[in-house]
Amino acid sequence: MAESTLSLGYPDYCTEVGYYLGYGRDTVASPTVWSSGQVTEIDAVVQAGYRQFLSPPTPHTWSFLYPLTTLALTASDYDYDLPDAFGGEISQLRYATTDNQFGPVTIVPLDFILSRQEAGTSTGKPVCAALLPKTVTAGSTGQRWRLYLWPTPDSTYTLSYRYKALVAKLTSAAPYPLGGQAHAQTIEAACLAIAEERLNDERGIKHMRWLEMLAASITVDKRASTPEYFGQNLDREGRRYFRPLPTRVLLNGV
């Protein structure tokens with residue numbers, strides 16, 4: 001699928017930041033005007049601006065940070081590694097329609113799972129799950145997570161769930177940020193706000209522009225993630241409902 005020609009990516013953000021910092025316009029992939037030190041500084045500003053966009057200074061969580069994925073369960077295995085990009089938040093887990101199972105797998109505290117395991121070995125269709133961060137050795141990798149299920153699966157199942165994803169930095173090879181074209185100028189404004197703060201050691205007009213664009217992006221994101229239909233709104237207050245009379249069953253005509 002072709003990217004929109006109005007989308008902005010890593011090279012565009014670098015060019016704008018480099019120009020604002022007074023280094024002129026250049027191409028980050030093969031610069032002829034910028035020095036290696038300037039390229040390093042520009043990259044640092046762009047990555048900081050992208051992080052600022054992903055974690056805005058407002059109580060809003062971007063809907064595009066919660067992808068949908070699946071987890072394949074096998075019999076007798078109750079703990080599973082979650083994706084490397086798992087960010088510590090997870091929804092209820094739902095069974096695939098082919099599993100012929102009903103009801104979600106609810107997230108509960110880990111102590112609940114451990115107490116059930118202490119009570120004895122139990123197998124069946126998992127009904128609850130808990131998250132546990134894995135041990136990190138000397139900070140060689142970022143935090144990873146595991147999922148514990150109860151009871152232990154008695155067969156193969158497929159669970160689907162949404163999770164908060166960790167985001168990779170922008171590069172020339174992976175230039176496009178999450179959120180797409182709708183938030184392209186907001187990310188640019190976030191990068192220029194960081195550049196302004198580092199250049200002038202203060203927040204000025206670029207910071208104000210970033211906040212204006214952020215408010216607009218939040219409105220767009222809420223509109224995109226809000227469903228049009230929530231179900232029936234049945235107001236039964238003030239109404240009288242009668243239970244149907246039980247069906248009569250005759251035995252030998254009685």
# chains A, B, ... in the order shown; residues from 1 in each chain; ligands from 1
$ select_by_dssp --residues "stretch 2-226 of chain A" --states "alpha helix (DSSP H)" --output "VMD selection string"
chain A and resid 10 to 20 36 to 54 110 to 118 184 to 200 205 to 225
$ residues_around --residues "A:Lys125" --least-positions-apart "4" --cutoff "10 Å" --atoms "only C-alpha atoms" --output "short mmCIF file (atom, residue, chain, number, x, y, z; two decimals) with N, CA and C atoms, in the first residue's frame"
data_model
loop_
_atom_site.label_atom_id
_atom_site.label_comp_id
_atom_site.auth_asym_id
_atom_site.auth_seq_id
_atom_site.Cartn_x
_atom_site.Cartn_y
_atom_site.Cartn_z
N ALA A 75 -1.68 -27.04 25.01
CA ALA A 75 -2.08 -27.81 26.19
C ALA A 75 -0.92 -27.94 27.16
N TYR A 95 -11.57 -15.50 23.02
CA TYR A 95 -11.33 -16.72 22.25
C TYR A 95 -11.73 -16.54 20.80
N GLN A 101 -15.75 -21.25 22.37
CA GLN A 101 -15.73 -20.88 23.78
C GLN A 101 -16.39 -19.52 23.94
N PHE A 102 -16.97 -19.31 25.10
CA PHE A 102 -17.67 -18.06 25.34
C PHE A 102 -17.12 -17.40 26.60
N VAL A 105 -11.20 -13.91 28.83
CA VAL A 105 -10.21 -14.23 29.86
C VAL A 105 -9.88 -12.92 30.56
N LEU A 149 -1.73 -17.96 32.97
CA LEU A 149 -3.14 -18.32 32.79
C LEU A 149 -3.59 -19.31 33.85
N TRP A 150 -4.88 -19.24 34.16
CA TRP A 150 -5.51 -20.25 35.04
C TRP A 150 -6.93 -20.49 34.59
N PRO A 151 -7.34 -21.75 34.56
CA PRO A 151 -6.51 -22.95 34.75
C PRO A 151 -5.59 -23.19 33.56
N THR A 152 -4.69 -24.14 33.74
CA THR A 152 -3.77 -24.49 32.66
C THR A 152 -4.57 -25.02 31.46
N PRO A 153 -4.27 -24.53 30.26
CA PRO A 153 -5.03 -24.98 29.09
C PRO A 153 -5.03 -26.50 28.93
N ASP A 154 -6.19 -27.03 28.62
CA ASP A 154 -6.31 -28.46 28.40
C ASP A 154 -6.27 -28.82 26.92
N SER A 155 -6.16 -27.79 26.08
CA SER A 155 -6.14 -28.01 24.64
C SER A 155 -5.50 -26.79 23.97
N THR A 156 -5.53 -26.76 22.67
CA THR A 156 -5.03 -25.60 21.94
C THR A 156 -6.15 -24.59 21.77
N TYR A 157 -5.83 -23.32 22.01
CA TYR A 157 -6.78 -22.24 21.84
C TYR A 157 -6.06 -21.05 21.20
#
$ closest_residue --among "A:Lys222, A:Ala215, A:Gly120, A:Leu192" --to "A:Thr58" --atoms "only C-alpha atoms"
A:Ala215
$ residues_around --residues "A:Ala72" --least-positions-apart "5" --cutoff "12 Å" --atoms "only C-alpha atoms" --output "mmCIF file with C-alpha atoms, in the first residue's frame"
data_model
loop_
_atom_site.group_PDB
_atom_site.id
_atom_site.type_symbol
_atom_site.label_atom_id
_atom_site.label_comp_id
_atom_site.auth_asym_id
_atom_site.auth_seq_id
_atom_site.Cartn_x
_atom_site.Cartn_y
_atom_site.Cartn_z
ATOM 1 C CA ASP A 77 1.456 -24.573 29.154
ATOM 2 C CA TYR A 78 0.191 -21.875 31.488
ATOM 3 C CA ASP A 79 2.812 -19.107 30.963
ATOM 4 C CA TYR A 80 3.671 -17.285 27.736
ATOM 5 C CA ASP A 81 6.076 -14.580 26.598
ATOM 6 C CA LEU A 82 4.339 -11.470 25.345
ATOM 7 C CA LEU A 93 -8.465 -11.723 25.999
ATOM 8 C CA ARG A 94 -11.118 -13.243 23.744
ATOM 9 C CA TYR A 95 -11.325 -16.718 22.253
ATOM 10 C CA ALA A 96 -11.406 -17.285 18.513
ATOM 11 C CA ASP A 99 -12.598 -22.475 19.675
ATOM 12 C CA PRO A 153 -5.034 -24.976 29.090
ATOM 13 C CA SER A 155 -6.141 -28.013 24.643
ATOM 14 C CA THR A 156 -5.027 -25.601 21.935
ATOM 15 C CA TYR A 157 -6.782 -22.236 21.841
ATOM 16 C CA THR A 158 -6.286 -18.880 20.156
ATOM 17 C CA LEU A 159 -6.743 -15.676 22.154
ATOM 18 C CA SER A 160 -6.973 -12.184 20.692
ATOM 19 C CA TYR A 161 -6.166 -9.050 22.666
#
$ atom_distance --atom1 "atom CA of A:Leu211" --atom2 "atom CA of A:Cys191"
11.9 Å
$ closest_residue --among "A:Arg223, A:Pro11, A:Thr5, A:Glu16" --to "A:Ser30" --atoms "only C-alpha atoms"
A:Pro11
$ residues_around --residues "A:Lys206" --least-positions-apart "6" --cutoff "9 Å" --atoms "only C-alpha atoms" --output "PyMOL selection string"
chain A and resi 189-190+192-197
$ write_last_selection --atoms "N, CA and C atoms" --output "compact mmCIF listing (two decimals), in the first residue's frame"
# COMPACT_ATOMS: atom_id res chain seq x y z
N ALA A 189 5.48 19.91 14.78
CA ALA A 189 5.41 20.97 15.78
C ALA A 189 6.07 20.55 17.08
N ALA A 190 5.93 19.28 17.46
CA ALA A 190 6.57 18.78 18.67
C ALA A 190 8.09 18.81 18.53
N LEU A 192 9.86 20.84 16.55
CA LEU A 192 10.32 22.24 16.55
C LEU A 192 10.23 22.85 17.95
N ALA A 193 9.26 22.40 18.75
CA ALA A 193 9.16 22.89 20.13
C ALA A 193 10.37 22.44 20.95
N ILE A 194 10.81 21.20 20.73
CA ILE A 194 12.02 20.71 21.40
C ILE A 194 13.23 21.50 20.93
N ALA A 195 13.32 21.74 19.62
CA ALA A 195 14.45 22.50 19.08
C ALA A 195 14.49 23.90 19.66
N GLU A 196 13.33 24.53 19.78
CA GLU A 196 13.26 25.88 20.34
C GLU A 196 13.73 25.90 21.79
N GLU A 197 13.29 24.91 22.56
CA GLU A 197 13.65 24.86 23.98
C GLU A 197 15.15 24.63 24.17
$ residues_around --residues "stretch 40-47 of chain A" --least-positions-apart "4" --cutoff "12 Å" --atoms "only C-alpha atoms" --output "PyMOL selection string"
chain A and resi 9-29+31+34-36+51-54+167-172+175+177+187-199
$ write_last_selection --atoms "C-alpha atoms" --output "mmCIF file, in the first residue's frame"
data_model
loop_
_atom_site.group_PDB
_atom_site.id
_atom_site.type_symbol
_atom_site.label_atom_id
_atom_site.label_comp_id
_atom_site.auth_asym_id
_atom_site.auth_seq_id
_atom_site.Cartn_x
_atom_site.Cartn_y
_atom_site.Cartn_z
ATOM 1 C CA GLY A 9 8.489 11.303 7.718
ATOM 2 C CA TYR A 10 11.868 11.293 9.408
ATOM 3 C CA PRO A 11 13.741 13.103 6.571
ATOM 4 C CA ASP A 12 11.116 15.882 6.541
ATOM 5 C CA TYR A 13 11.342 16.414 10.306
ATOM 6 C CA CYS A 14 15.143 16.465 10.164
ATOM 7 C CA THR A 15 15.116 19.049 7.385
ATOM 8 C CA GLU A 16 12.781 21.376 9.289
ATOM 9 C CA VAL A 17 14.686 21.005 12.560
ATOM 10 C CA GLY A 18 18.036 21.577 10.837
ATOM 11 C CA TYR A 19 16.727 24.734 9.172
ATOM 12 C CA TYR A 20 15.290 26.045 12.462
ATOM 13 C CA LEU A 21 18.572 25.440 14.273
ATOM 14 C CA GLY A 22 20.340 27.547 11.654
ATOM 15 C CA TYR A 23 22.146 24.738 9.848
ATOM 16 C CA GLY A 24 20.320 25.213 6.544
ATOM 17 C CA ARG A 25 18.330 22.620 4.634
ATOM 18 C CA ASP A 26 19.900 19.284 3.833
ATOM 19 C CA THR A 27 19.092 15.589 3.448
ATOM 20 C CA VAL A 28 19.734 13.484 6.524
ATOM 21 C CA ALA A 29 20.432 10.303 4.526
ATOM 22 C CA PRO A 31 24.086 15.308 4.015
ATOM 23 C CA TRP A 34 25.349 19.419 7.774
ATOM 24 C CA SER A 35 28.330 18.132 9.745
ATOM 25 C CA SER A 36 28.225 14.772 11.515
ATOM 26 C CA ARG A 51 8.579 10.856 22.177
ATOM 27 C CA GLN A 52 6.885 14.060 23.312
ATOM 28 C CA PHE A 53 4.077 13.441 20.821
ATOM 29 C CA LEU A 54 3.635 9.809 21.913
ATOM 30 C CA VAL A 167 7.369 2.399 19.650
ATOM 31 C CA ALA A 168 10.640 2.281 17.737
ATOM 32 C CA LYS A 169 12.587 5.430 16.848
ATOM 33 C CA LEU A 170 12.263 7.052 13.458
ATOM 34 C CA THR A 171 14.998 6.320 10.923
ATOM 35 C CA SER A 172 15.623 6.781 7.221
ATOM 36 C CA PRO A 175 10.619 7.022 8.366
ATOM 37 C CA PRO A 177 5.587 7.723 12.594
ATOM 38 C CA ILE A 187 4.736 15.690 15.257
ATOM 39 C CA GLU A 188 6.618 18.346 13.306
ATOM 40 C CA ALA A 189 5.406 20.974 15.776
ATOM 41 C CA ALA A 190 6.573 18.779 18.672
ATOM 42 C CA CYS A 191 10.043 18.485 17.105
ATOM 43 C CA LEU A 192 10.317 22.239 16.553
ATOM 44 C CA ALA A 193 9.164 22.889 20.134
ATOM 45 C CA ILE A 194 12.015 20.708 21.401
ATOM 46 C CA ALA A 195 14.454 22.499 19.077
ATOM 47 C CA GLU A 196 13.257 25.879 20.341
ATOM 48 C CA GLU A 197 13.653 24.865 23.977
ATOM 49 C CA ARG A 198 17.162 23.489 23.461
ATOM 50 C CA LEU A 199 18.277 26.409 21.298
#
$ residues_around --residues "stretch 112-117 of chain A" --least-positions-apart "5" --cutoff "8 Å" --atoms "only C-alpha atoms" --output "PyMOL selection string"
chain A and resi 122+128-130+148-150
$ select_by_dssp --residues "stretch 105-202 of chain A" --states "strand (DSSP E)" --output "PyMOL selection string"
chain A and resi 106-107+123-124+128-133+145-150+152-153+157-165
$ decode --residues "stretch 178-216 of chain A" --atoms "N, CA and C atoms" --output "compact mmCIF listing (two decimals), in the first residue's frame"
# COMPACT_ATOMS: atom_id res chain seq x y z
N LEU A 178 3.86 6.59 13.85
CA LEU A 178 2.52 6.11 14.09
C LEU A 178 1.54 7.29 14.06
N GLY A 179 0.31 6.99 13.70
CA GLY A 179 -0.70 8.04 13.65
C GLY A 179 -1.00 8.49 12.24
N GLY A 180 -0.02 8.34 11.33
CA GLY A 180 -0.26 8.66 9.94
C GLY A 180 -0.33 10.15 9.64
N GLN A 181 -0.83 10.43 8.45
CA GLN A 181 -0.88 11.79 7.95
C GLN A 181 -1.68 12.73 8.86
N ALA A 182 -2.69 12.20 9.53
CA ALA A 182 -3.56 13.04 10.36
C ALA A 182 -2.78 13.78 11.44
N HIS A 183 -1.66 13.21 11.89
CA HIS A 183 -0.90 13.82 12.98
C HIS A 183 0.50 14.26 12.54
N ALA A 184 0.74 14.30 11.23
CA ALA A 184 2.08 14.59 10.72
C ALA A 184 2.56 15.97 11.16
N GLN A 185 1.71 16.99 11.02
CA GLN A 185 2.14 18.34 11.37
C GLN A 185 2.25 18.53 12.88
N THR A 186 1.47 17.76 13.65
CA THR A 186 1.59 17.83 15.10
C THR A 186 2.95 17.30 15.55
N ILE A 187 3.41 16.23 14.93
CA ILE A 187 4.74 15.69 15.26
C ILE A 187 5.82 16.68 14.86
N GLU A 188 5.66 17.32 13.71
CA GLU A 188 6.62 18.35 13.31
C GLU A 188 6.65 19.49 14.31
N ALA A 189 5.48 19.91 14.78
CA ALA A 189 5.41 20.97 15.78
C ALA A 189 6.07 20.55 17.08
N ALA A 190 5.93 19.28 17.46
CA ALA A 190 6.57 18.78 18.67
C ALA A 190 8.09 18.81 18.53
N CYS A 191 8.60 18.45 17.34
CA CYS A 191 10.04 18.49 17.10
C CYS A 191 10.58 19.91 17.16
N LEU A 192 9.86 20.84 16.55
CA LEU A 192 10.32 22.24 16.55
C LEU A 192 10.23 22.85 17.95
N ALA A 193 9.26 22.40 18.75
CA ALA A 193 9.16 22.89 20.13
C ALA A 193 10.37 22.44 20.95
N ILE A 194 10.81 21.20 20.73
CA ILE A 194 12.02 20.71 21.40
C ILE A 194 13.23 21.50 20.93
N ALA A 195 13.32 21.74 19.62
CA ALA A 195 14.45 22.50 19.08
C ALA A 195 14.49 23.90 19.66
N GLU A 196 13.33 24.53 19.78
CA GLU A 196 13.26 25.88 20.34
C GLU A 196 13.73 25.90 21.79
N GLU A 197 13.29 24.91 22.56
CA GLU A 197 13.65 24.86 23.98
C GLU A 197 15.15 24.63 24.17
N ARG A 198 15.73 23.77 23.32
CA ARG A 198 17.16 23.49 23.46
C ARG A 198 18.02 24.62 22.92
N LEU A 199 17.51 25.32 21.89
CA LEU A 199 18.28 26.41 21.30
C LEU A 199 18.25 27.66 22.16
N ASN A 200 17.05 27.99 22.66
CA ASN A 200 16.87 29.25 23.40
C ASN A 200 16.75 29.06 24.91
N ASP A 201 16.73 27.80 25.35
CA ASP A 201 16.57 27.49 26.77
C ASP A 201 15.29 28.10 27.33
N GLU A 202 14.24 28.12 26.52
CA GLU A 202 12.94 28.62 26.95
C GLU A 202 11.86 28.12 26.01
N ARG A 203 10.63 28.21 26.47
CA ARG A 203 9.48 27.82 25.65
C ARG A 203 8.83 29.08 25.09
N GLY A 204 8.66 29.09 23.77
CA GLY A 204 8.13 30.28 23.12
C GLY A 204 7.03 29.94 22.14
N ILE A 205 7.05 30.60 20.98
CA ILE A 205 5.97 30.46 20.01
C ILE A 205 5.87 29.05 19.44
N LYS A 206 6.99 28.36 19.31
CA LYS A 206 6.95 26.99 18.79
C LYS A 206 6.26 26.06 19.79
N HIS A 207 6.48 26.31 21.06
CA HIS A 207 5.81 25.50 22.08
C HIS A 207 4.31 25.75 22.06
N MET A 208 3.91 26.99 21.90
CA MET A 208 2.48 27.31 21.82
C MET A 208 1.85 26.66 20.59
N ARG A 209 2.57 26.68 19.48
CA ARG A 209 2.07 26.03 18.27
C ARG A 209 1.93 24.53 18.48
N TRP A 210 2.86 23.92 19.18
CA TRP A 210 2.79 22.49 19.48
C TRP A 210 1.56 22.16 20.29
N LEU A 211 1.23 22.97 21.28
CA LEU A 211 0.05 22.71 22.10
C LEU A 211 -1.23 22.87 21.30
N GLU A 212 -1.27 23.84 20.38
CA GLU A 212 -2.44 24.02 19.53
C GLU A 212 -2.64 22.80 18.62
N MET A 213 -1.57 22.35 18.00
CA MET A 213 -1.66 21.20 17.12
C MET A 213 -1.99 19.93 17.90
N LEU A 214 -1.46 19.82 19.12
CA LEU A 214 -1.76 18.66 19.96
C LEU A 214 -3.25 18.58 20.26
N ALA A 215 -3.86 19.71 20.61
CA ALA A 215 -5.30 19.73 20.90
C ALA A 215 -6.10 19.27 19.69
N ALA A 216 -5.69 19.72 18.50
CA ALA A 216 -6.39 19.32 17.28
C ALA A 216 -6.23 17.82 17.02
